[in-house]
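Colleague: my_file-v4.pdb is the file, holding PDB, C-alpha atoms:
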ATOM      1  CA  MET A   1      89.351-112.336 -98.497
ATOM      2  CA  LYS A   2      87.080-115.136 -97.228
ATOM      3  CA  LYS A   3      85.612-112.864 -94.565
ATOM      4  CA  LEU A   4      85.160-109.913 -96.924
ATOM      5  CA  ILE A   5      83.300-111.977 -99.521
ATOM      6  CA  ALA A   6      81.244-113.656 -96.788
ATOM      7  CA  LYS A   7      80.089-110.246 -95.542
ATOM      8  CA  ASP A   8      79.324-109.174 -99.118
ATOM      9  CA  LEU A   9      77.231-112.256 -99.866
ATOM     10  CA  LEU A  10      75.286-111.932 -96.617
ATOM     11  CA  ARG A  11      74.610-108.223 -97.067
ATOM     12  CA  ILE A  12      73.007-108.661-100.494
ATOM     13  CA  ARG A  13      71.437-111.983 -99.482
ATOM     14  CA  ALA A  14      73.235-113.894-102.180
ATOM     15  CA  VAL A  15      73.669-116.416 -99.360
ATOM     16  CA  PHE A  16      70.671-116.447 -97.060
ATOM     17  CA  PHE A  17      70.282-118.691 -93.999
ATOM     18  CA  ARG A  18      66.874-119.816 -92.773
ATOM     19  CA  PRO A  19      67.431-122.734 -90.376
ATOM     20  CA  GLU A  20      63.942-122.471 -88.863
ATOM     21  CA  GLU A  21      62.191-122.613 -92.253
ATOM     22  CA  PRO A  22      64.308-124.804 -94.546
ATOM     23  CA  PHE A  23      64.277-124.411 -98.289
ATOM     24  CA  ILE A  24      63.505-127.460-100.441
ATOM     25  CA  TRP A  25      66.075-128.366-103.092
ATOM     26  CA  ALA A  26      65.035-129.940-106.393
ATOM     27  CA  SER A  27      66.342-133.237-105.022
ATOM     28  CA  GLY A  28      63.897-132.982-102.133
ATOM     29  CA  ILE A  29      66.597-132.312 -99.556
ATOM     30  CA  LYS A  30      65.694-129.722 -96.924
ATOM     31  CA  SER A  31      68.317-126.992 -96.718
ATOM     32  CA  PRO A  32      68.850-124.142 -94.231
ATOM     33  CA  VAL A  33      70.633-122.091 -96.889
ATOM     34  CA  TYR A  34      69.692-120.414-100.146
ATOM     35  CA  CYS A  35      72.462-119.324-102.492
ATOM     36  CA  ASP A  36      72.110-117.089-105.560
ATOM     37  CA  ASN A  37      75.456-115.596-106.544
ATOM     38  CA  ARG A  38      73.904-113.967-109.604
ATOM     39  CA  LEU A  39      72.959-111.183-107.208
ATOM     40  CA  THR A  40      76.637-110.240-106.983
ATOM     41  CA  LEU A  41      76.393-108.845-110.517
ATOM     42  CA  SER A  42      73.739-106.314-109.483
ATOM     43  CA  ASP A  43      75.727-104.685-106.669
ATOM     44  CA  VAL A  44      78.659-102.690-108.009
ATOM     45  CA  ALA A  45      80.771-102.811-104.832
ATOM     46  CA  VAL A  46      80.246-106.537-104.304
ATOM     47  CA  ARG A  47      80.811-107.247-107.982
ATOM     48  CA  ASN A  48      84.141-105.425-107.792
ATOM     49  CA  ASP A  49      85.199-107.430-104.712
ATOM     50  CA  VAL A  50      84.225-110.697-106.402
ATOM     51  CA  GLU A  51      85.887-110.061-109.768
ATOM     52  CA  GLN A  52      89.067-108.636-108.257
ATOM     53  CA  GLY A  53      89.103-111.617-105.905
ATOM     54  CA  LEU A  54      88.688-114.125-108.739
ATOM     55  CA  ALA A  55      91.471-112.364-110.648
ATOM     56  CA  GLU A  56      93.755-112.694-107.615
ATOM     57  CA  LEU A  57      92.948-116.414-107.335
ATOM     58  CA  VAL A  58      93.886-116.933-110.977
ATOM     59  CA  LYS A  59      97.116-114.951-110.631
ATOM     60  CA  THR A  60      98.062-116.733-107.406
ATOM     61  CA  TYR A  61      97.202-120.342-108.229
ATOM     62  CA  TYR A  62      97.221-120.438-112.040
ATOM     63  CA  PRO A  63      99.737-117.803-113.201
ATOM     64  CA  GLU A  64     100.274-119.658-116.472
ATOM     65  CA  ALA A  65      96.581-119.442-117.439
ATOM     66  CA  GLU A  66      95.951-118.596-121.086
ATOM     67  CA  ILE A  67      92.134-118.542-121.205
ATOM     68  CA  LEU A  68      89.160-118.531-118.824
ATOM     69  CA  MET A  69      86.096-120.653-119.457
ATOM     70  CA  GLY A  70      82.842-119.879-117.658
ATOM     71  CA  THR A  71      80.201-122.403-116.747
ATOM     72  CA  SER A  72      76.773-121.859-118.271
ATOM     73  CA  THR A  73      75.109-119.729-117.283
ATOM     74  CA  ALA A  74      76.179-118.429-113.884
ATOM     75  CA  GLY A  75      79.908-118.428-114.574
ATOM     76  CA  ILE A  76      79.805-116.610-117.914
ATOM     77  CA  ALA A  77      79.690-113.018-116.663
ATOM     78  CA  HIS A  78      82.333-113.683-114.013
ATOM     79  CA  ALA A  79      84.668-115.243-116.579
ATOM     80  CA  ALA A  80      84.164-112.253-118.869
ATOM     81  CA  ILE A  81      84.823-109.600-116.213
ATOM     82  CA  THR A  82      87.744-111.485-114.652
ATOM     83  CA  GLY A  83      89.205-112.095-118.101
ATOM     84  CA  HIS A  84      88.967-108.353-118.793
ATOM     85  CA  ILE A  85      90.818-107.552-115.554
ATOM     86  CA  LEU A  86      93.569-110.046-116.366
ATOM     87  CA  GLY A  87      93.752-109.298-120.075
ATOM     88  CA  LEU A  88      92.891-112.906-120.898
ATOM     89  CA  PRO A  89      90.517-114.322-123.522
ATOM     90  CA  MET A  90      87.392-116.102-122.324
ATOM     91  CA  GLY A  91      84.667-118.382-123.507
ATOM     92  CA  TYR A  92      82.064-120.617-121.947
ATOM     93  CA  VAL A  93      80.737-124.154-122.014
ATOM     94  CA  ARG A  94      77.073-124.805-122.724
ATOM     95  CA  SER A  95      75.140-127.364-120.708
ATOM     96  CA  GLY A  96      74.428-129.076-124.026
ATOM     97  CA  ALA A  97      75.459-128.663-127.660
ATOM     98  CA  LYS A  98      73.365-126.347-129.819
ATOM     99  CA  ASP A  99      70.975-128.072-132.202
ATOM    100  CA  HIS A 100      71.556-125.496-134.953
ATOM    101  CA  GLY A 101      74.353-123.529-136.614
ATOM    102  CA  ARG A 102      77.756-124.977-135.828
ATOM    103  CA  LYS A 103      76.250-127.010-132.958
ATOM    104  CA  ASN A 104      78.926-125.799-130.555
ATOM    105  CA  GLN A 105      79.043-126.759-126.908
ATOM    106  CA  ILE A 106      82.152-124.696-126.287
ATOM    107  CA  GLU A 107      81.738-121.050-127.229
ATOM    108  CA  GLY A 108      84.872-119.012-127.887
ATOM    109  CA  ALA A 109      88.181-119.730-129.578
ATOM    110  CA  LEU A 110      89.698-122.554-127.526
ATOM    111  CA  LYS A 111      92.976-123.893-128.922
ATOM    112  CA  PRO A 112      94.241-127.450-128.334
ATOM    113  CA  GLY A 113      96.677-127.522-125.419
ATOM    114  CA  GLN A 114      95.605-124.094-124.174
ATOM    115  CA  LYS A 115      96.041-123.691-120.413
ATOM    116  CA  THR A 116      92.502-123.164-119.145
ATOM    117  CA  VAL A 117      90.898-122.103-115.867
ATOM    118  CA  VAL A 118      87.200-122.794-115.297
ATOM    119  CA  VAL A 119      85.173-120.032-113.622
ATOM    120  CA  GLU A 120      82.155-121.170-111.569
ATOM    121  CA  ASP A 121      79.844-119.295-109.206
ATOM    122  CA  LEU A 122      79.303-122.012-106.577
ATOM    123  CA  ILE A 123      80.204-125.625-105.954
ATOM    124  CA  SER A 124      78.055-128.058-103.987
ATOM    125  CA  THR A 125      78.366-131.693-105.100
ATOM    126  CA  GLY A 126      80.682-130.751-107.979
ATOM    127  CA  GLY A 127      78.849-132.649-110.707
ATOM    128  CA  SER A 128      78.172-129.781-113.119
ATOM    129  CA  VAL A 129      81.614-128.190-112.957
ATOM    130  CA  ILE A 130      83.344-131.541-113.433
ATOM    131  CA  GLU A 131      81.215-132.104-116.534
ATOM    132  CA  VAL A 132      82.553-128.790-117.876
ATOM    133  CA  VAL A 133      86.123-129.826-117.063
ATOM    134  CA  ASN A 134      85.652-133.108-118.934
ATOM    135  CA  ILE A 135      84.180-131.366-121.999
ATOM    136  CA  LEU A 136      87.153-129.002-122.114
ATOM    137  CA  ARG A 137      89.630-131.852-121.730
ATOM    138  CA  GLU A 138      87.949-133.783-124.523
ATOM    139  CA  ALA A 139      88.373-130.682-126.703
ATOM    140  CA  GLY A 140      92.110-130.735-126.009
ATOM    141  CA  ALA A 141      92.354-128.052-123.335
ATOM    142  CA  GLU A 142      94.827-128.349-120.492
ATOM    143  CA  VAL A 143      92.569-127.580-117.530
ATOM    144  CA  LEU A 144      94.682-126.095-114.763
ATOM    145  CA  GLY A 145      91.837-125.922-112.260
ATOM    146  CA  ILE A 146      88.747-124.049-111.102
ATOM    147  CA  VAL A 147      88.077-120.729-109.392
ATOM    148  CA  SER A 148      84.690-120.084-107.789
ATOM    149  CA  ILE A 149      82.927-117.598-105.569
ATOM    150  CA  PHE A 150      81.512-119.985-102.967
ATOM    151  CA  THR A 151      81.845-123.635-102.030
ATOM    152  CA  TYR A 152      79.768-125.682 -99.630
ATOM    153  CA  GLY A 153      82.744-127.933 -98.906
ATOM    154  CA  MET A 154      80.509-131.014 -99.028
ATOM    155  CA  GLN A 155      82.427-134.272 -98.870
ATOM    156  CA  LYS A 156      80.717-135.583-102.002
ATOM    157  CA  GLY A 157      81.964-132.559-103.910
ATOM    158  CA  LEU A 158      85.490-132.863-102.524
ATOM    159  CA  ASP A 159      85.605-136.562-103.445
ATOM    160  CA  ARG A 160      84.366-135.876-106.977
ATOM    161  CA  LEU A 161      86.923-133.144-107.571
ATOM    162  CA  SER A 162      89.692-135.403-106.303
ATOM    163  CA  ALA A 163      88.550-138.287-108.513
ATOM    164  CA  ALA A 164      88.492-135.937-111.525
ATOM    165  CA  ASP A 165      92.022-134.756-110.648
ATOM    166  CA  VAL A 166      91.018-131.103-110.588
ATOM    167  CA  ILE A 167      91.555-128.428-107.920
ATOM    168  CA  ASN A 168      89.111-125.697-106.937
ATOM    169  CA  HIS A 169      89.962-122.442-105.182
ATOM    170  CA  SER A 170      87.011-120.464-103.806
ATOM    171  CA  LEU A 171      86.761-116.893-102.554
ATOM    172  CA  THR A 172      84.814-118.060 -99.515
ATOM    173  CA  ASP A 173      83.162-121.167 -98.110
ATOM    174  CA  PHE A 174      80.131-122.375 -96.184
ATOM    175  CA  ASP A 175      81.875-122.481 -92.802
ATOM    176  CA  THR A 176      83.197-118.923 -93.117
ATOM    177  CA  VAL A 177      79.831-117.555 -94.217
ATOM    178  CA  ALA A 178      78.017-119.378 -91.387
ATOM    179  CA  GLU A 179      80.442-118.072 -88.758
ATOM    180  CA  THR A 180      80.253-114.556 -90.193
ATOM    181  CA  ALA A 181      76.456-114.717 -90.238
ATOM    182  CA  ALA A 182      76.486-115.450 -86.506
ATOM    183  CA  GLU A 183      78.988-112.672 -85.795
ATOM    184  CA  GLU A 184      76.962-110.155 -87.812
ATOM    185  CA  GLY A 185      73.639-111.112 -86.229
ATOM    186  CA  TYR A 186      71.989-112.761 -89.236
ATOM    187  CA  ILE A 187      71.606-115.997 -87.264
ATOM    188  CA  ARG A 188      72.087-117.047 -83.641
ATOM    189  CA  PRO A 189      75.539-118.345 -82.589
ATOM    190  CA  GLU A 190      74.001-121.692 -81.646
ATOM    191  CA  ASP A 191      72.713-122.128 -85.212
ATOM    192  CA  VAL A 192      76.238-122.504 -86.602
ATOM    193  CA  ALA A 193      76.534-126.098 -85.373
ATOM    194  CA  ARG A 194      73.204-126.926 -87.041
ATOM    195  CA  LEU A 195      74.388-125.452 -90.328
ATOM    196  CA  ILE A 196      77.656-127.384 -90.200
ATOM    197  CA  ALA A 197      75.711-130.578 -89.451
ATOM    198  CA  PHE A 198      73.700-129.979 -92.625
ATOM    199  CA  ARG A 199      76.874-129.337 -94.622
ATOM    200  CA  ASN A 200      78.447-132.557 -93.335
ATOM    201  CA  CYS A 201      75.433-134.701 -94.270
ATOM    202  CA  PRO A 202      72.695-132.955 -96.295
ATOM    203  CA  SER A 203      70.447-136.033 -96.311
ATOM    204  CA  ASP A 204      70.366-136.197 -92.489
ATOM    205  CA  GLU A 205      67.580-133.913 -91.258
ATOM    206  CA  SER A 206      68.364-134.286 -87.550
ATOM    207  CA  TRP A 207      69.560-130.648 -87.428
ATOM    208  CA  ILE A 208      65.996-129.437 -88.081
ATOM    209  CA  GLY A 209      64.184-128.285 -84.949
ATOM    210  CA  LYS A 210      67.273-128.230 -82.731
ATOM    211  CA  GLY A 211      67.052-124.453 -82.547
ATOM    212  CA  SER A 212      64.051-124.653 -80.241
ATOM    213  CA  GLU A 213      66.119-126.695 -77.781
ATOM    214  CA  ALA A 214      68.914-124.095 -77.557
TER
END
Show me, as structure tokens, the structure contained in the file I just sent.
Modeller:
Amino acid sequence: MKKLIAKDLLRIRAVFFRPEEPFIWASGIKSPVYCDNRLTLSDVAVRNDVEQGLAELVKTYYPEAEILMGTSTAGIAHAAITGHILGLPMGYVRSGAKDHGRKNQIEGALKPGQKTVVVEDLISTGGSVIEVVNILREAGAEVLGIVSIFTYGMQKGLDRLSAADVINHSLTDFDTVAETAAEEGYIRPEDVARLIAFRNCPSDESWIGKGSEA
């Protein structure tokens, strides 16, 4: 599954590596990778792989799940499609409460004590998805865990998830996608070590420029 999804994401450039010309994150960090999993919704074959994969993760790791809750906005469509496959209700959590109407932050009929799985598109440092988990817990949900399409596997994210006492299961991860990218010719084999160095410490830019030495 990890390899299949990695190939899918690379083919549609949902995950795109550019170690020689790093992207700039909002935080100012230079990154050799660009990730936009919203593109998976526009390719029917990839979308099917992703949603069937997410459904399998839920069935395997959270068989007692009673409702799926998507993160806003990227996780909403995936929660809806996966919920349809599994025959489960779904809803989503807004990044902030509405300032009109019922002023909801949680959309959908969530019942106290309901066994809930959060659906996210990607996890980097884990801050946004943990905020969603906390909102659901405060509303009385029993959060079983998270399923996601892609995870960077950054230590900061792993530490945050552990501290929040929540488990994430992803369809694929940064290491698998990087290795697959080298195998498929998207990047050079020697670039993999540079990418892993970035993943291990995003604030350390020593990986930049090493390609010219290879």
Colleague: In Å, how far is it from CA of Asn37 (chain A) to CA of Lys111 (chain A)?
Modeller: 29.6 Å
Colleague: What does the structure give for the distance between CA of Pro63 (chain A) and CA of Gly83 (chain A), in Å to one decimal?
Modeller: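 Computed distance, CA of Pro63 (chain A) to CA of Gly83 (chain A), equals 12.9 Å.
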Colleague: Which residues match the PyMOL selection byres ((chain A and resi 179-193) around 8) in the file above, as a list in words?
Modeller: Lys3, Ala6, Lys7, Leu10, Phe17, Pro19, Asp175, Thr176, Val177, Ala178, Arg194, Leu195, Ile196, Ala197, Gly211 and Ala214 of chain A
Colleague: When you look at Glu21 (chain A) with a cut-off of 12 Å (counting all atoms listed in the file), what residues show up, excluding the ones that are within fewer than 6 positions of it in the same chain? I need them as a PyMOL selection string.
Modeller: chain A and resi 30-34+207-209+211
Colleague: List every residue of region 21-82 of chain A that has an atom at most 7 Å from any atom of region 134-157 of chain A, giving for each one its closest atom pair and the distance in Å to one decimal, counting all atoms listed in the file, sorted by chain and then by ascending residue number, as CSV.
Modeller:
residue,atom,partner,partner_atom,distance
A:Leu54,CA,A:Val147,CA,6.7
A:Leu57,CA,A:Val147,CA,6.8
A:Tyr62,CA,A:Leu144,CA,6.8
Colleague: Give me the residues near region 68-77 of chain A as a list in words, where near means some atom within 6 Å (using all atoms listed in the file) and where sequence neighbours in that chain fewer than 4 positions away do not count.
Modeller: Met90, Gly91, Tyr92, Val93, Arg94, Thr116, Val117, Val118, Val119, Glu120 and Asp121 of chain A
Colleague: Could you tell me, as a ChimeraX atom specification, exactly which residues end up selected when the PyMOL selection byres ((chain A and resi 87) around 12) is applied to this structure?
Modeller: /A:55,58-59,65-68,79-86,88-90
Colleague: Find the distance between CA of Glu51 (chain A) and CA of Gln105 (chain A) and write it in Å to one decimal.
Modeller: 24.9 Å
Colleague: So which one's closest to Ser27 (chain A), A:Ile5, A:Thr60, A:Ser203, A:Val132? Using all atoms listed in the file, please.
Modeller: A:Ser203
